[in-house]
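Asks: What follows is a structure written as structure tokens; I'll ask about it next.
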Amino acid sequence: MLERKVTSVGILGAGKVGTAIARQAIRAGYSVAIATAKPPEDIALIVEFTAPGAIATTAEALMRDSDLIVIAVPLAKYRTLDASGLAGKVAIDVMNYWAPTDGAIADFEGARSSSEVVQLHLPETRLVRTLNHIGYHELEQNALAAGRPGRQALAIAANDVAARRLVADFIDQLGFDPVDAGPLIAARALQVGSPVFGARLARFEMENALSFGTVELIPV
Ligand SMILES: NC(=O)c1ccc[n+]([C@@H]2O[C@H](COP(=O)([O-])OP(=O)(O)OC[C@H]3O[C@@H](n4cnc5c(N)ncnc54)[C@H](OP(=O)(O)O)[C@@H]3O)[C@@H](O)[C@H]2O)c1
């Protein structure tokens, strides 16, 4: 599939991680829109302060107009995501399952990673798992230009190969070395509590961690 170059990024969620990604994306030269479940006028001020240069909009407009979407809402809200609005879209899922803080959610207690469950809710979305295994503050602190020593790697898992490539370029532009982890089932190796989660790894370390991963990737 011939991919359109990403110039516009839409972020669902104006919280800690959504606004950190927005700031990095703006620095990298993307045009950025942010939406929550609230009307744009209710979040305009917070967007202006936390991600100067980003535009507050509606979720509908964001899903329609963005080349790339980032889903950065609490995971407990995943069923509120509009499957038809996100159909055909490349969307990064940064949402994590934190049972101790969010409470246990039966949907996420099985063998599947949370992204595989989200993909079931968004069957026509080209869902990509990445940016979930780095803290929001590190997105800005640890970003480095390509080729700089000590550049942190971020893994990317998705069933859609072209979407993986597109997101790899975005990750590179944000200041990180993208590592192709393969299909979405590999998201199990990026979950909360995995060796990769929260670890600052160079590309070769990430590749080693994924190839010698302790997570059993058995389809369910
Ligand atoms: N914090 C981190 O370092 C980090 C890193 C990687 C991944 N994550 C994951 O990313 C997700 C967001 O984390 P966060 O720390 O940014 O959370 P947060 O600060 O609580 O922000 C969540 C944002 O989502 C919005 N929201 C809630 N329901 C929504 C809906 N139905 N549609 C659109 N927007 C909605 C909220 O708006 P209202 O305030 O109006 O409800 C808020 O702006 C979580 O799943 C978390 O596990 C977090």
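Identifiers in the structure tokens: chain A, B, ... in order shown; residue index from 1 per chain; ligand index from 1 in order shown.
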Could you produce a table of the residues of chain A lying within 10 Å of ligand 1, with the nearest pair of atoms per residue and their separation in Å rounded to one decimal, using only C-alpha atoms and all ligand atoms, ordered by chain and increasing residue number, as CSV?

Replies:
```
residue,atom,partner,partner_atom_place_in_ligand_line,distance
A:Ile11,CA,ligand 1,34 (N),8.8
A:Leu12,CA,ligand 1,33 (C),5.1
A:Gly13,CA,ligand 1,24 (O),3.6
A:Ala14,CA,ligand 1,43 (O),3.4
A:Gly15,CA,ligand 1,21 (O),3.1
A:Lys16,CA,ligand 1,16 (O),3.7
A:Val17,CA,ligand 1,16 (O),3.8
A:Gly18,CA,ligand 1,16 (O),5.3
A:Thr19,CA,ligand 1,16 (O),7.4
A:Ala20,CA,ligand 1,16 (O),8.4
A:Ile21,CA,ligand 1,16 (O),9.6
A:Ile34,CA,ligand 1,34 (N),9.0
A:Ala35,CA,ligand 1,33 (C),6.2
A:Thr36,CA,ligand 1,34 (N),3.3
A:Ala37,CA,ligand 1,32 (N),4.2
A:Lys38,CA,ligand 1,40 (O),5.9
A:Pro39,CA,ligand 1,40 (O),9.4
A:Asp42,CA,ligand 1,40 (O),8.7
A:Ile43,CA,ligand 1,40 (O),7.8
A:Ile46,CA,ligand 1,43 (O),9.4
A:Val47,CA,ligand 1,43 (O),9.7
A:Thr58,CA,ligand 1,33 (C),9.1
A:Ala59,CA,ligand 1,33 (C),7.0
A:Val70,CA,ligand 1,10 (O),9.8
A:Ile71,CA,ligand 1,11 (C),7.7
A:Ala72,CA,ligand 1,11 (C),4.4
A:Val73,CA,ligand 1,24 (O),3.6
A:Pro74,CA,ligand 1,45 (O),3.9
A:Leu75,CA,ligand 1,45 (O),4.4
A:Ala76,CA,ligand 1,45 (O),7.7
A:Lys77,CA,ligand 1,31 (N),5.5
A:Tyr78,CA,ligand 1,31 (N),7.3
A:Arg79,CA,ligand 1,31 (N),8.2
A:Thr80,CA,ligand 1,31 (N),5.3
A:Leu81,CA,ligand 1,31 (N),6.4
A:Asp82,CA,ligand 1,32 (N),9.0
A:Asp93,CA,ligand 1,10 (O),8.2
A:Val94,CA,ligand 1,7 (C),4.8
A:Met95,CA,ligand 1,45 (O),3.3
A:Asn96,CA,ligand 1,47 (O),3.7
A:Tyr97,CA,ligand 1,47 (O),6.0
A:Trp98,CA,ligand 1,47 (O),6.6
A:Thr101,CA,ligand 1,47 (O),9.7
A:Asp102,CA,ligand 1,47 (O),8.8
A:Ser114,CA,ligand 1,45 (O),9.9
A:Thr130,CA,ligand 1,6 (C),8.9
A:Leu131,CA,ligand 1,6 (C),6.1
A:Asn132,CA,ligand 1,6 (C),3.9
A:His133,CA,ligand 1,6 (C),5.8
A:Ile134,CA,ligand 1,5 (C),5.6
A:Gly135,CA,ligand 1,3 (O),3.6
A:Tyr136,CA,ligand 1,3 (O),3.7
A:His137,CA,ligand 1,3 (O),6.6
A:Glu138,CA,ligand 1,3 (O),8.1
A:Leu139,CA,ligand 1,3 (O),8.7
A:Val192,CA,ligand 1,47 (O),9.0
A:Phe197,CA,ligand 1,6 (C),9.6
A:Gly198,CA,ligand 1,5 (C),8.9
```

Asks: Tell me which protein, DNA and RNA residues are within 9 Å of segment 169-178 of chain A, counting only C-alpha atoms, leaving out same-chain ones fewer than 5 positions away, and put them as a PyMOL selection string.

Replies: chain A and resi 6+21+24-25+27-29+130-131+139-140+142-147+151-156+164+202-203

Asks: Counting only C-alpha atoms, which residue out of A:Ser115, A:Ser8, A:Gln191, A:Gln141 sits closest to Asn159 of chain A?

Replies: A:Ser115

Asks: Could you tell me how far atom CA of Leu127 of chain A lies from atom CA of Ala22 of chain A, in Å and to one decimal?

Replies: 18.8 Å
